[in-house]
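Quick notes on the structure that follows.
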2 protein chains.
Amino acid sequence: MPWKSDLARFPRPNVAVDIAVLSVLPQQPTDATGSLAVLVEGEAGGLRGRALPGRFLREGQTITACVDDVLSIKAGLNNVSAEPRLLRVFDDPHRDPRGWTLSLAHSLTLPPRRLQEATAGLVPIATNGELESGETLLFDHNAIVSEAAASIRDRYEQLPDPDGLLEDGFTMAELKGLHEAVIGEPLLKDTFRRRMEPNLQPLTDPDGARLLRSDGGRPAQVFVHRRDHPSVAALQRRVLLPRAAR
Amino acid sequence: MPWKSDLARFPRPNVAVDIAVLSVLPQQPTDATGSLAVLVEGEAGGLRGRALPGRFLREGQTITACVDDVLSIKAGLNNVSAEPRLLRVFDDPHRDPRGWTLSLAHSLTLPPRRLQEATAGLVPIATNGELESGETLLFDHNAIVSEAAASIRDRYEQLPDPDGLLEDGFTMAELKGLHEAVIGEPLLKDTFRRRMEPNLQPLTDPDGARLLRSDGGRPAQVFVHRRDHPSVAALQRRVLLPRAAR
DNA sequence: TTAATAGTGTCTATAAGACAATATATA
DNA sequence: TATATATTGTCTTATAGACACTATTAA
């Protein structure tokens, strides 16, 4: 921390908050799986090309509050209570010709249900982290999208639904579909089930009988995410280094 | 990105850059292993307590340049070319009573050799991410240290020496000692060797004979880090989710 | 019955954890 | 030789990947 400096003595940067809002799109007829997608703003005043939603941080405002403003102003989303996740800070002093501007790049995950009201468009993300359309966004926003995608993909390898994309009472097939959309690849149902089961809680009715839901075939068990299970710790534990000697 | 705003219209925050400089301390007589450690500034003007080194970002300056300044001014370290790693942004509007100030918290790893000239002190970090002394730093700097420790521990589970703490030509025992210091736990030599070997390159003399180095017992093979080996990709590959169906 | 989806049994390959043996230097 | 450190052999256990089978509903 700086101690001696007079806080007012030096020029200060503008600070913008840019957000990669992630969600999933359902499976299209042409796709093997659903797709991870990101919210992109339409053409904006004066500049050619599209960008992620963003805004300047105002005095007295936290980043979370700023993100709430962005989402409500630029995407019509109110009362988003998800915590934005910091990805990167863009600090090139000349990145914005209008003046010294830092950008705090964040990502945020919203379930598709929340995005129906969104005015901006959801754009599918390819497996390599680029936009499926090949579109180039302004500034380094393609890099933000790519990092956001890598980040959510990492999280979904650890737990069934860390970002809460599903509502409680999902089936194993729905969860598998979600994972396939997030990582963009088909998965094996048996291996998938065995990986996920320790972190899922089967729902039961008041009598303790298992709750099932049918969709044209054998009814499936419905689950909720289990956030306090012992094996959650085991999953999050590092397993790549040899353990300590006894 | 903000488009319409006049960049000069709103108040702008001070932006500080705080740095957790990480290194390792050799094994002490009382310890089973060496220790991860962080550079802490001495008592600073006016405020009771110690903190991580930090400084305000100046106009036209990148974060990397700012970090270089901090290290040279506050720790006597010149020409540090390591890239700082962003950990977190502190954004509470009232966290600094002197005015609206954001803090960009970073970590940076330096080999012990580089820190001999350091004016500030290296403080050991415990396994739980707290300082071993139990000392409380100013602001949220304990949290920065804890995140920095978790981050470097993660990286060292993936590769032999991702942050370059050792110089080329290290033995397996030296590498194991480094890992034990970083994670703060003893490791098994056989399992450790098998985990590390695919990502290490044995050094040879011009004739192709293996280079060895002795330290009181059987001479050991010396290695360099292998950053382009196929198995690096395999290690970094996600292995926690079932793979795709063929 | 058939079609559709859900769930299980089980084999194989890989790798970590653990213990013990063997190898090669110095004193 | 004894001692110290390095390196390898191998057994056990856990689990991902893969394939095939069984189970339960609706039409």
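Labels used: A, B, ... for chains in the order of the structure tokens, numbers from 1 for residues in each chain, and numbers from 1 for ligands as shown.
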Taking the backbone alone, and naming residues the way the document does, which bits of segment 68-236 of chain A are alpha helix (DSSP H) by DSSP, as a CSV table (one decimal) with all heavy atoms, in the first residue's frame?
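Now in selection.csv:
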```csv
chain,number,residue,atom,x,y,z
A,68,ASP,N,-24.5,-5.0,-11.8
A,68,ASP,CA,-25.9,-5.0,-11.7
A,68,ASP,C,-26.5,-3.9,-12.6
A,68,ASP,O,-27.4,-4.1,-13.4
A,68,ASP,CB,-26.4,-4.8,-10.3
A,68,ASP,CG,-26.3,-6.0,-9.5
A,68,ASP,OD1,-26.1,-7.1,-10.1
A,68,ASP,OD2,-26.4,-5.9,-8.2
A,69,ASP,N,-25.8,-2.7,-12.6
A,69,ASP,CA,-26.3,-1.6,-13.4
A,69,ASP,C,-26.1,-2.0,-14.9
A,69,ASP,O,-27.0,-1.7,-15.7
A,69,ASP,CB,-25.4,-0.4,-13.1
A,69,ASP,CG,-25.9,0.4,-11.9
A,69,ASP,OD1,-26.9,-0.1,-11.3
A,69,ASP,OD2,-25.3,1.4,-11.6
A,70,VAL,N,-25.0,-2.5,-15.3
A,70,VAL,CA,-24.7,-2.9,-16.7
A,70,VAL,C,-25.8,-3.8,-17.1
A,70,VAL,O,-26.4,-3.6,-18.2
A,70,VAL,CB,-23.4,-3.6,-16.8
A,70,VAL,CG1,-23.2,-4.1,-18.3
A,70,VAL,CG2,-22.3,-2.6,-16.5
A,71,LEU,N,-26.1,-4.8,-16.3
A,71,LEU,CA,-27.0,-5.8,-16.8
A,71,LEU,C,-28.4,-5.3,-16.9
A,71,LEU,O,-29.2,-5.7,-17.8
A,71,LEU,CB,-27.0,-7.0,-15.8
A,71,LEU,CG,-25.7,-7.8,-15.8
A,71,LEU,CD1,-25.8,-9.0,-15.0
A,71,LEU,CD2,-25.3,-8.2,-17.3
A,72,SER,N,-28.8,-4.4,-16.0
A,72,SER,CA,-30.2,-3.8,-16.1
A,72,SER,C,-30.3,-2.8,-17.2
A,72,SER,O,-31.3,-2.8,-17.9
A,72,SER,CB,-30.6,-3.3,-14.7
A,72,SER,OG,-30.4,-1.9,-14.7
A,73,ILE,N,-29.2,-2.0,-17.4
A,73,ILE,CA,-29.3,-1.0,-18.5
A,73,ILE,C,-29.1,-1.6,-19.9
A,73,ILE,O,-29.8,-1.3,-20.8
A,73,ILE,CB,-28.2,0.1,-18.3
A,73,ILE,CG1,-28.5,0.9,-17.0
A,73,ILE,CG2,-28.1,1.0,-19.5
A,73,ILE,CD1,-27.4,1.8,-16.5
A,74,LYS,N,-28.1,-2.5,-20.0
A,74,LYS,CA,-27.8,-3.0,-21.3
A,74,LYS,C,-28.4,-4.3,-21.7
A,74,LYS,O,-28.4,-4.7,-22.9
A,74,LYS,CB,-26.2,-3.1,-21.4
A,74,LYS,CG,-25.5,-1.8,-21.0
A,74,LYS,CD,-24.4,-1.5,-22.0
A,74,LYS,CE,-23.9,-0.1,-21.6
A,74,LYS,NZ,-22.6,0.2,-22.3
A,75,ALA,N,-28.9,-5.0,-20.8
A,75,ALA,CA,-29.5,-6.3,-21.1
A,75,ALA,C,-30.9,-6.5,-20.5
A,75,ALA,O,-31.5,-7.6,-20.7
A,75,ALA,CB,-28.6,-7.4,-20.7
A,141,HIS,N,-11.9,-8.3,-26.3
A,141,HIS,CA,-13.0,-9.0,-25.7
A,141,HIS,C,-13.1,-10.5,-26.2
A,141,HIS,O,-13.7,-11.3,-25.4
A,141,HIS,CB,-14.3,-8.2,-26.1
A,141,HIS,CG,-14.4,-7.0,-25.3
A,141,HIS,ND1,-15.6,-6.2,-25.2
A,141,HIS,CD2,-13.5,-6.3,-24.5
A,141,HIS,CE1,-15.4,-5.2,-24.4
A,141,HIS,NE2,-14.2,-5.2,-23.9
A,142,ASN,N,-12.5,-10.8,-27.3
A,142,ASN,CA,-12.5,-12.2,-27.6
A,142,ASN,C,-11.7,-13.0,-26.6
A,142,ASN,O,-12.0,-14.1,-26.2
A,142,ASN,CB,-11.9,-12.4,-29.0
A,142,ASN,CG,-12.8,-12.0,-30.1
A,142,ASN,OD1,-12.9,-10.8,-30.4
A,142,ASN,ND2,-13.5,-13.0,-30.7
A,143,ALA,N,-10.6,-12.4,-26.1
A,143,ALA,CA,-9.8,-13.0,-25.1
A,143,ALA,C,-10.5,-13.2,-23.8
A,143,ALA,O,-10.4,-14.2,-23.1
A,143,ALA,CB,-8.5,-12.2,-24.9
A,144,ILE,N,-11.4,-12.2,-23.5
A,144,ILE,CA,-12.2,-12.3,-22.3
A,144,ILE,C,-13.1,-13.5,-22.4
A,144,ILE,O,-13.3,-14.3,-21.5
A,144,ILE,CB,-13.0,-11.1,-22.0
A,144,ILE,CG1,-12.1,-9.9,-21.8
A,144,ILE,CG2,-13.9,-11.2,-20.8
A,144,ILE,CD1,-12.8,-8.6,-21.6
A,145,VAL,N,-13.8,-13.6,-23.5
A,145,VAL,CA,-14.7,-14.7,-23.7
A,145,VAL,C,-14.0,-16.1,-23.6
A,145,VAL,O,-14.5,-17.0,-23.0
A,145,VAL,CB,-15.4,-14.6,-25.1
A,145,VAL,CG1,-16.2,-15.9,-25.5
A,145,VAL,CG2,-16.3,-13.4,-25.2
A,146,SER,N,-12.8,-16.1,-24.2
A,146,SER,CA,-12.1,-17.4,-24.2
A,146,SER,C,-11.7,-17.7,-22.8
A,146,SER,O,-11.8,-18.9,-22.3
A,146,SER,CB,-10.8,-17.2,-25.1
A,146,SER,OG,-10.0,-18.3,-24.9
A,147,GLU,N,-11.3,-16.8,-22.0
A,147,GLU,CA,-10.9,-17.0,-20.6
A,147,GLU,C,-12.1,-17.4,-19.8
A,147,GLU,O,-12.1,-18.3,-18.9
A,147,GLU,CB,-10.2,-15.8,-19.9
A,147,GLU,CG,-8.8,-15.7,-20.3
A,147,GLU,CD,-8.1,-14.8,-19.3
A,147,GLU,OE1,-8.3,-14.8,-18.1
A,147,GLU,OE2,-7.3,-14.0,-19.9
A,148,ALA,N,-13.2,-16.7,-20.0
A,148,ALA,CA,-14.5,-17.0,-19.3
A,148,ALA,C,-14.9,-18.5,-19.6
A,148,ALA,O,-15.3,-19.2,-18.7
A,148,ALA,CB,-15.6,-16.0,-19.7
A,149,ALA,N,-14.8,-18.9,-20.8
A,149,ALA,CA,-15.2,-20.2,-21.2
A,149,ALA,C,-14.3,-21.2,-20.5
A,149,ALA,O,-14.7,-22.2,-20.0
A,149,ALA,CB,-15.1,-20.4,-22.7
A,150,ALA,N,-13.0,-21.0,-20.6
A,150,ALA,CA,-12.0,-21.9,-19.9
A,150,ALA,C,-12.4,-22.0,-18.4
A,150,ALA,O,-12.3,-23.1,-17.8
A,150,ALA,CB,-10.6,-21.5,-20.1
A,151,SER,N,-12.7,-20.9,-17.9
A,151,SER,CA,-13.0,-20.9,-16.4
A,151,SER,C,-14.2,-21.7,-16.1
A,151,SER,O,-14.2,-22.5,-15.1
A,151,SER,CB,-13.1,-19.4,-16.0
A,151,SER,OG,-13.7,-19.3,-14.7
A,152,ILE,N,-15.3,-21.5,-16.8
A,152,ILE,CA,-16.5,-22.2,-16.4
A,152,ILE,C,-16.3,-23.7,-16.7
A,152,ILE,O,-16.8,-24.5,-16.0
A,152,ILE,CB,-17.8,-21.6,-17.2
A,152,ILE,CG1,-19.0,-22.2,-16.6
A,152,ILE,CG2,-17.7,-21.8,-18.7
A,152,ILE,CD1,-20.3,-21.7,-17.1
A,153,ARG,N,-15.6,-24.0,-17.8
A,153,ARG,CA,-15.4,-25.4,-18.1
A,153,ARG,C,-14.6,-26.1,-17.0
A,153,ARG,O,-14.9,-27.2,-16.6
A,153,ARG,CB,-14.6,-25.5,-19.5
A,153,ARG,CG,-15.6,-25.3,-20.6
A,153,ARG,CD,-15.0,-25.1,-22.0
A,153,ARG,NE,-16.0,-25.0,-23.0
A,153,ARG,CZ,-15.8,-24.5,-24.2
A,153,ARG,NH1,-14.7,-23.9,-24.5
A,153,ARG,NH2,-16.8,-24.4,-25.1
A,154,ASP,N,-13.6,-25.4,-16.5
A,154,ASP,CA,-12.9,-25.9,-15.3
A,154,ASP,C,-13.8,-26.2,-14.2
A,154,ASP,O,-13.7,-27.2,-13.5
A,154,ASP,CB,-11.8,-24.9,-14.9
A,154,ASP,CG,-10.5,-25.0,-15.6
A,154,ASP,OD1,-10.4,-25.9,-16.5
A,154,ASP,OD2,-9.6,-24.3,-15.3
A,155,ARG,N,-14.6,-25.2,-13.9
A,155,ARG,CA,-15.5,-25.4,-12.7
A,155,ARG,C,-16.5,-26.6,-12.9
A,155,ARG,O,-16.7,-27.3,-11.9
A,155,ARG,CB,-16.4,-24.1,-12.5
A,155,ARG,CG,-15.6,-23.0,-11.8
A,155,ARG,CD,-16.5,-21.9,-11.3
A,155,ARG,NE,-17.3,-21.3,-12.3
A,155,ARG,CZ,-16.9,-20.4,-13.2
A,155,ARG,NH1,-15.6,-20.1,-13.2
A,155,ARG,NH2,-17.7,-19.9,-14.1
A,156,TYR,N,-17.0,-26.8,-14.1
A,156,TYR,CA,-17.9,-27.9,-14.3
A,156,TYR,C,-17.2,-29.2,-14.3
A,156,TYR,O,-17.9,-30.3,-14.3
A,156,TYR,CB,-18.8,-27.6,-15.5
A,156,TYR,CG,-20.0,-26.8,-15.2
A,156,TYR,CD1,-19.9,-25.4,-15.0
A,156,TYR,CD2,-21.2,-27.4,-14.8
A,156,TYR,CE1,-21.0,-24.7,-14.7
A,156,TYR,CE2,-22.3,-26.7,-14.4
A,156,TYR,CZ,-22.2,-25.3,-14.4
A,156,TYR,OH,-23.3,-24.6,-13.9
A,157,GLU,N,-15.9,-29.3,-14.4
A,157,GLU,CA,-15.2,-30.5,-14.2
A,157,GLU,C,-15.2,-31.0,-12.8
A,157,GLU,O,-14.9,-32.1,-12.5
A,157,GLU,CB,-13.8,-30.5,-14.8
A,157,GLU,CG,-13.8,-29.9,-16.2
A,157,GLU,CD,-13.1,-30.9,-17.1
A,157,GLU,OE1,-12.6,-31.9,-16.7
A,157,GLU,OE2,-13.0,-30.5,-18.3
A,158,GLN,N,-15.3,-30.0,-11.9
A,158,GLN,CA,-15.2,-30.3,-10.5
A,158,GLN,C,-16.5,-30.7,-9.8
A,158,GLN,O,-16.5,-31.5,-8.9
A,158,GLN,CB,-14.7,-29.1,-9.7
A,158,GLN,CG,-13.4,-28.4,-10.4
A,158,GLN,CD,-12.2,-29.3,-10.2
A,158,GLN,OE1,-12.1,-30.0,-9.3
A,158,GLN,NE2,-11.3,-29.2,-11.2
A,172,MET,N,-30.5,-37.0,-14.2
A,172,MET,CA,-29.1,-37.2,-14.7
A,172,MET,C,-28.9,-36.8,-16.1
A,172,MET,O,-27.9,-36.3,-16.5
A,172,MET,CB,-28.7,-38.7,-14.4
A,172,MET,CG,-27.3,-39.0,-14.4
A,172,MET,SD,-26.3,-38.1,-13.2
A,172,MET,CE,-26.6,-39.1,-11.7
A,173,ALA,N,-29.9,-37.1,-16.9
A,173,ALA,CA,-29.8,-36.8,-18.4
A,173,ALA,C,-29.8,-35.3,-18.6
A,173,ALA,O,-29.0,-34.8,-19.4
A,173,ALA,CB,-31.0,-37.4,-19.1
A,174,GLU,N,-30.6,-34.6,-17.8
A,174,GLU,CA,-30.5,-33.1,-18.0
A,174,GLU,C,-29.2,-32.6,-17.5
A,174,GLU,O,-28.6,-31.7,-18.2
A,174,GLU,CB,-31.6,-32.5,-17.1
A,174,GLU,CG,-33.0,-32.7,-17.6
A,174,GLU,CD,-34.1,-32.4,-16.6
A,174,GLU,OE1,-33.9,-32.2,-15.4
A,174,GLU,OE2,-35.3,-32.4,-17.1
A,175,LEU,N,-28.6,-33.1,-16.5
A,175,LEU,CA,-27.3,-32.7,-16.0
A,175,LEU,C,-26.2,-33.0,-17.1
A,175,LEU,O,-25.4,-32.2,-17.4
A,175,LEU,CB,-27.0,-33.3,-14.7
A,175,LEU,CG,-25.6,-32.9,-14.1
A,175,LEU,CD1,-25.6,-31.4,-13.7
A,175,LEU,CD2,-25.3,-33.8,-12.8
A,176,LYS,N,-26.4,-34.2,-17.6
A,176,LYS,CA,-25.4,-34.6,-18.7
A,176,LYS,C,-25.5,-33.6,-19.9
A,176,LYS,O,-24.5,-33.2,-20.4
A,176,LYS,CB,-25.6,-36.0,-19.1
A,176,LYS,CG,-24.8,-36.5,-20.3
A,176,LYS,CD,-24.9,-38.0,-20.4
A,176,LYS,CE,-24.3,-38.5,-21.7
A,176,LYS,NZ,-25.3,-38.4,-22.8
A,177,GLY,N,-26.7,-33.3,-20.2
A,177,GLY,CA,-26.9,-32.4,-21.4
A,177,GLY,C,-26.3,-31.0,-21.1
A,177,GLY,O,-25.7,-30.4,-21.9
A,178,LEU,N,-26.4,-30.6,-19.8
A,178,LEU,CA,-25.8,-29.3,-19.4
A,178,LEU,C,-24.3,-29.4,-19.6
A,178,LEU,O,-23.7,-28.5,-20.2
A,178,LEU,CB,-26.2,-29.0,-18.0
A,178,LEU,CG,-25.4,-27.8,-17.4
A,178,LEU,CD1,-25.7,-26.5,-18.1
A,178,LEU,CD2,-25.8,-27.7,-15.9
A,179,HIS,N,-23.7,-30.4,-19.1
A,179,HIS,CA,-22.3,-30.6,-19.2
A,179,HIS,C,-21.8,-30.6,-20.6
A,179,HIS,O,-20.8,-30.1,-21.0
A,179,HIS,CB,-21.8,-31.8,-18.4
A,179,HIS,CG,-21.6,-31.6,-16.9
A,179,HIS,ND1,-20.4,-31.5,-16.3
A,179,HIS,CD2,-22.6,-31.3,-16.0
A,179,HIS,CE1,-20.6,-31.2,-15.0
A,179,HIS,NE2,-21.9,-31.1,-14.8
A,180,GLU,N,-22.6,-31.3,-21.4
A,180,GLU,CA,-22.2,-31.4,-22.8
A,180,GLU,C,-22.2,-30.1,-23.5
A,180,GLU,O,-21.4,-29.7,-24.4
A,180,GLU,CB,-23.1,-32.4,-23.6
A,180,GLU,CG,-22.8,-33.9,-23.1
A,180,GLU,CD,-23.8,-34.9,-23.7
A,180,GLU,OE1,-25.0,-34.5,-23.9
A,180,GLU,OE2,-23.4,-36.0,-23.8
A,181,ALA,N,-23.2,-29.2,-23.1
A,181,ALA,CA,-23.3,-27.9,-23.7
A,181,ALA,C,-22.1,-27.1,-23.2
A,181,ALA,O,-21.5,-26.4,-24.0
A,181,ALA,CB,-24.6,-27.2,-23.2
A,182,VAL,N,-21.8,-27.2,-21.9
A,182,VAL,CA,-20.7,-26.3,-21.3
A,182,VAL,C,-19.4,-26.7,-22.0
A,182,VAL,O,-18.6,-25.8,-22.4
A,182,VAL,CB,-20.6,-26.5,-19.8
A,182,VAL,CG1,-19.4,-25.9,-19.3
A,182,VAL,CG2,-21.9,-25.8,-19.2
A,183,ILE,N,-19.1,-28.0,-22.1
A,183,ILE,CA,-17.8,-28.3,-22.6
A,183,ILE,C,-17.8,-28.6,-24.1
A,183,ILE,O,-16.8,-28.7,-24.8
A,183,ILE,CB,-17.1,-29.6,-21.9
A,183,ILE,CG1,-17.9,-30.9,-22.2
A,183,ILE,CG2,-17.1,-29.4,-20.4
A,183,ILE,CD1,-17.2,-32.1,-21.7
A,189,LYS,N,-22.8,-41.8,-20.7
A,189,LYS,CA,-23.7,-41.6,-19.6
A,189,LYS,C,-23.3,-42.4,-18.3
A,189,LYS,O,-23.6,-42.0,-17.2
A,189,LYS,CB,-25.1,-42.1,-20.0
A,189,LYS,CG,-25.2,-43.6,-20.4
A,189,LYS,CD,-26.7,-44.0,-20.7
A,189,LYS,CE,-26.8,-45.4,-21.1
A,189,LYS,NZ,-28.2,-45.9,-21.4
A,190,ASP,N,-22.7,-43.6,-18.5
A,190,ASP,CA,-22.4,-44.4,-17.4
A,190,ASP,C,-21.2,-43.8,-16.6
A,190,ASP,O,-21.3,-43.6,-15.3
A,190,ASP,CB,-22.1,-45.8,-17.8
A,190,ASP,CG,-21.1,-45.9,-19.0
A,190,ASP,OD1,-20.6,-44.9,-19.4
A,190,ASP,OD2,-20.9,-47.0,-19.5
A,191,THR,N,-20.2,-43.4,-17.3
A,191,THR,CA,-19.1,-42.8,-16.6
A,191,THR,C,-19.5,-41.4,-15.9
A,191,THR,O,-19.1,-41.1,-14.8
A,191,THR,CB,-17.9,-42.5,-17.5
A,191,THR,OG1,-17.7,-43.7,-18.3
A,191,THR,CG2,-16.6,-42.2,-16.8
A,192,PHE,N,-20.3,-40.7,-16.7
A,192,PHE,CA,-20.8,-39.4,-16.2
A,192,PHE,C,-21.6,-39.6,-14.9
A,192,PHE,O,-21.4,-38.9,-13.9
A,192,PHE,CB,-21.7,-38.8,-17.2
A,192,PHE,CG,-22.2,-37.4,-16.8
A,192,PHE,CD1,-21.4,-36.3,-16.9
A,192,PHE,CD2,-23.5,-37.3,-16.3
A,192,PHE,CE1,-21.9,-35.1,-16.4
A,192,PHE,CE2,-24.0,-36.1,-15.9
A,192,PHE,CZ,-23.2,-35.0,-16.0
A,193,ARG,N,-22.5,-40.6,-14.9
A,193,ARG,CA,-23.3,-40.8,-13.7
A,193,ARG,C,-22.4,-41.2,-12.5
A,193,ARG,O,-22.6,-40.6,-11.4
A,193,ARG,CB,-24.2,-42.0,-13.9
A,193,ARG,CG,-24.9,-42.5,-12.7
A,193,ARG,CD,-25.8,-43.7,-13.0
A,193,ARG,NE,-27.0,-43.2,-13.8
A,193,ARG,CZ,-28.1,-42.8,-13.2
A,193,ARG,NH1,-28.2,-42.8,-11.9
A,193,ARG,NH2,-29.1,-42.3,-13.9
A,194,ARG,N,-21.4,-42.0,-12.7
A,194,ARG,CA,-20.6,-42.4,-11.6
A,194,ARG,C,-19.7,-41.3,-11.1
A,194,ARG,O,-19.4,-41.2,-9.9
A,194,ARG,CB,-19.7,-43.6,-11.9
A,194,ARG,CG,-20.5,-44.9,-11.9
A,194,ARG,CD,-19.7,-46.1,-12.1
A,194,ARG,NE,-19.8,-46.6,-13.5
A,194,ARG,CZ,-20.5,-47.6,-13.9
A,194,ARG,NH1,-21.2,-48.4,-13.0
A,194,ARG,NH2,-20.6,-48.0,-15.2
A,195,ARG,N,-19.3,-40.4,-12.0
A,195,ARG,CA,-18.6,-39.2,-11.5
A,195,ARG,C,-19.4,-38.2,-10.7
A,195,ARG,O,-19.0,-37.6,-9.8
A,195,ARG,CB,-18.0,-38.5,-12.8
A,195,ARG,CG,-16.7,-39.0,-13.2
A,195,ARG,CD,-15.5,-38.5,-12.4
A,195,ARG,NE,-15.4,-37.0,-12.5
A,195,ARG,CZ,-15.2,-36.2,-11.5
A,195,ARG,NH1,-15.2,-36.7,-10.3
A,195,ARG,NH2,-15.1,-34.9,-11.7
A,196,MET,N,-20.7,-38.1,-11.1
A,196,MET,CA,-21.6,-37.1,-10.5
A,196,MET,C,-22.3,-37.5,-9.3
A,196,MET,O,-22.5,-36.7,-8.4
A,196,MET,CB,-22.6,-36.6,-11.6
A,196,MET,CG,-22.0,-35.9,-12.7
A,196,MET,SD,-21.3,-34.3,-12.2
A,196,MET,CE,-19.9,-34.2,-13.3
A,230,PRO,N,-19.0,-35.1,1.9
A,230,PRO,CA,-17.6,-35.3,2.1
A,230,PRO,C,-16.8,-35.4,0.8
A,230,PRO,O,-15.7,-34.9,0.7
A,230,PRO,CB,-17.6,-36.6,2.8
A,230,PRO,CG,-19.0,-36.9,3.3
A,230,PRO,CD,-19.9,-35.9,2.6
A,231,SER,N,-17.4,-36.0,-0.2
A,231,SER,CA,-16.6,-36.3,-1.4
A,231,SER,C,-16.4,-35.0,-2.2
A,231,SER,O,-15.6,-34.9,-3.1
A,231,SER,CB,-17.3,-37.3,-2.3
A,231,SER,OG,-18.5,-36.8,-2.8
A,232,VAL,N,-17.2,-33.9,-1.9
A,232,VAL,CA,-16.9,-32.6,-2.5
A,232,VAL,C,-15.5,-32.2,-2.1
A,232,VAL,O,-14.7,-31.8,-3.0
A,232,VAL,CB,-17.9,-31.6,-2.0
A,232,VAL,CG1,-17.5,-30.2,-2.5
A,232,VAL,CG2,-19.3,-31.9,-2.6
A,233,ALA,N,-15.2,-32.4,-0.9
A,233,ALA,CA,-13.8,-32.1,-0.4
A,233,ALA,C,-12.8,-33.0,-1.2
A,233,ALA,O,-11.8,-32.5,-1.6
A,233,ALA,CB,-13.7,-32.3,1.1
A,234,ALA,N,-13.1,-34.2,-1.3
A,234,ALA,CA,-12.2,-35.1,-2.0
A,234,ALA,C,-12.0,-34.7,-3.5
A,234,ALA,O,-10.9,-34.7,-4.0
A,234,ALA,CB,-12.8,-36.6,-2.0
A,235,LEU,N,-13.1,-34.2,-4.1
A,235,LEU,CA,-13.0,-33.8,-5.5
A,235,LEU,C,-12.1,-32.5,-5.6
A,235,LEU,O,-11.4,-32.4,-6.5
A,235,LEU,CB,-14.4,-33.5,-6.0
A,235,LEU,CG,-15.1,-34.6,-6.7
A,235,LEU,CD1,-16.5,-34.2,-7.0
A,235,LEU,CD2,-14.3,-35.1,-7.9
A,236,GLN,N,-12.3,-31.7,-4.6
A,236,GLN,CA,-11.6,-30.4,-4.7
A,236,GLN,C,-10.1,-30.6,-4.2
A,236,GLN,O,-9.3,-29.7,-4.5
A,236,GLN,CB,-12.3,-29.3,-3.9
A,236,GLN,CG,-13.6,-28.9,-4.6
A,236,GLN,CD,-14.5,-28.1,-3.7
A,236,GLN,OE1,-14.3,-28.1,-2.5
A,236,GLN,NE2,-15.4,-27.4,-4.3
```
Could you list, as a CSV table (one decimal) with all heavy atoms, in the first residue's frame, every residue of chain C that has an atom within 7 Å of an atom of chain B, counting only C-alpha atoms (C1' of nucleotides)?
```csv
chain,number,residue,atom,x,y,z
C,24,DT,P,25.3,-49.1,-11.0
C,24,DT,OP1,25.2,-48.7,-12.4
C,24,DT,OP2,26.1,-50.4,-10.6
C,24,DT,O5',25.9,-47.9,-10.1
C,24,DT,C5',25.4,-46.6,-10.3
C,24,DT,C4',26.0,-45.7,-9.3
C,24,DT,O4',25.6,-46.0,-8.0
C,24,DT,C3',27.6,-45.8,-9.3
C,24,DT,O3',28.1,-44.4,-9.3
C,24,DT,C2',27.9,-46.5,-8.0
C,24,DT,C1',26.7,-45.9,-7.2
C,24,DT,N1,26.4,-46.7,-5.9
C,24,DT,C2,26.1,-46.0,-4.8
C,24,DT,O2,26.2,-44.9,-4.7
C,24,DT,N3,25.8,-46.8,-3.7
C,24,DT,C4,25.8,-48.2,-3.7
C,24,DT,O4,25.5,-48.8,-2.6
C,24,DT,C5,26.1,-48.9,-4.9
C,24,DT,C7,26.0,-50.4,-5.0
C,24,DT,C6,26.3,-48.1,-6.0
C,25,DA,P,29.5,-44.1,-10.0
C,25,DA,OP1,29.3,-43.1,-11.1
C,25,DA,OP2,30.1,-45.4,-10.4
C,25,DA,O5',30.4,-43.5,-8.8
C,25,DA,C5',30.4,-42.2,-8.6
C,25,DA,C4',30.0,-41.8,-7.2
C,25,DA,O4',29.2,-42.8,-6.6
C,25,DA,C3',31.1,-41.7,-6.2
C,25,DA,O3',31.7,-40.4,-6.3
C,25,DA,C2',30.4,-41.8,-4.9
C,25,DA,C1',29.2,-42.7,-5.2
C,25,DA,N9,29.2,-44.0,-4.6
C,25,DA,C8,29.4,-45.2,-5.3
C,25,DA,N7,29.3,-46.3,-4.5
C,25,DA,C5,29.1,-45.7,-3.2
C,25,DA,C6,28.8,-46.3,-2.0
C,25,DA,N6,28.9,-47.6,-1.8
C,25,DA,N1,28.6,-45.5,-0.9
C,25,DA,C2,28.5,-44.2,-1.2
C,25,DA,N3,28.7,-43.5,-2.3
C,25,DA,C4,29.0,-44.4,-3.3
C,26,DT,P,33.2,-40.2,-5.7
C,26,DT,OP1,33.7,-38.9,-6.2
C,26,DT,OP2,34.0,-41.5,-5.9
C,26,DT,O5',32.9,-40.1,-4.1
C,26,DT,C5',32.1,-39.0,-3.7
C,26,DT,C4',32.1,-39.1,-2.1
C,26,DT,O4',31.5,-40.4,-1.7
C,26,DT,C3',33.4,-39.0,-1.5
C,26,DT,O3',33.3,-38.2,-0.3
C,26,DT,C2',33.8,-40.4,-1.1
C,26,DT,C1',32.4,-41.0,-0.8
C,26,DT,N1,32.3,-42.5,-1.1
C,26,DT,C2,31.9,-43.3,-0.1
C,26,DT,O2,31.7,-43.0,1.0
C,26,DT,N3,31.9,-44.7,-0.5
C,26,DT,C4,32.2,-45.2,-1.7
C,26,DT,O4,32.1,-46.4,-1.9
C,26,DT,C5,32.6,-44.2,-2.7
C,26,DT,C7,32.9,-44.7,-4.1
C,26,DT,C6,32.6,-42.9,-2.4
```
Per-residue nearest contacts of segment 96-198 of chain A to segment 56-59 of chain B (12 Å; only C-alpha atoms) as CSV:
```
residue,atom,partner,partner_atom,distance
A:Gly99,CA,B:Glu59,CA,10.2
A:Trp100,CA,B:Glu59,CA,7.3
A:Thr101,CA,B:Glu59,CA,9.8
A:Leu102,CA,B:Leu57,CA,10.6
```
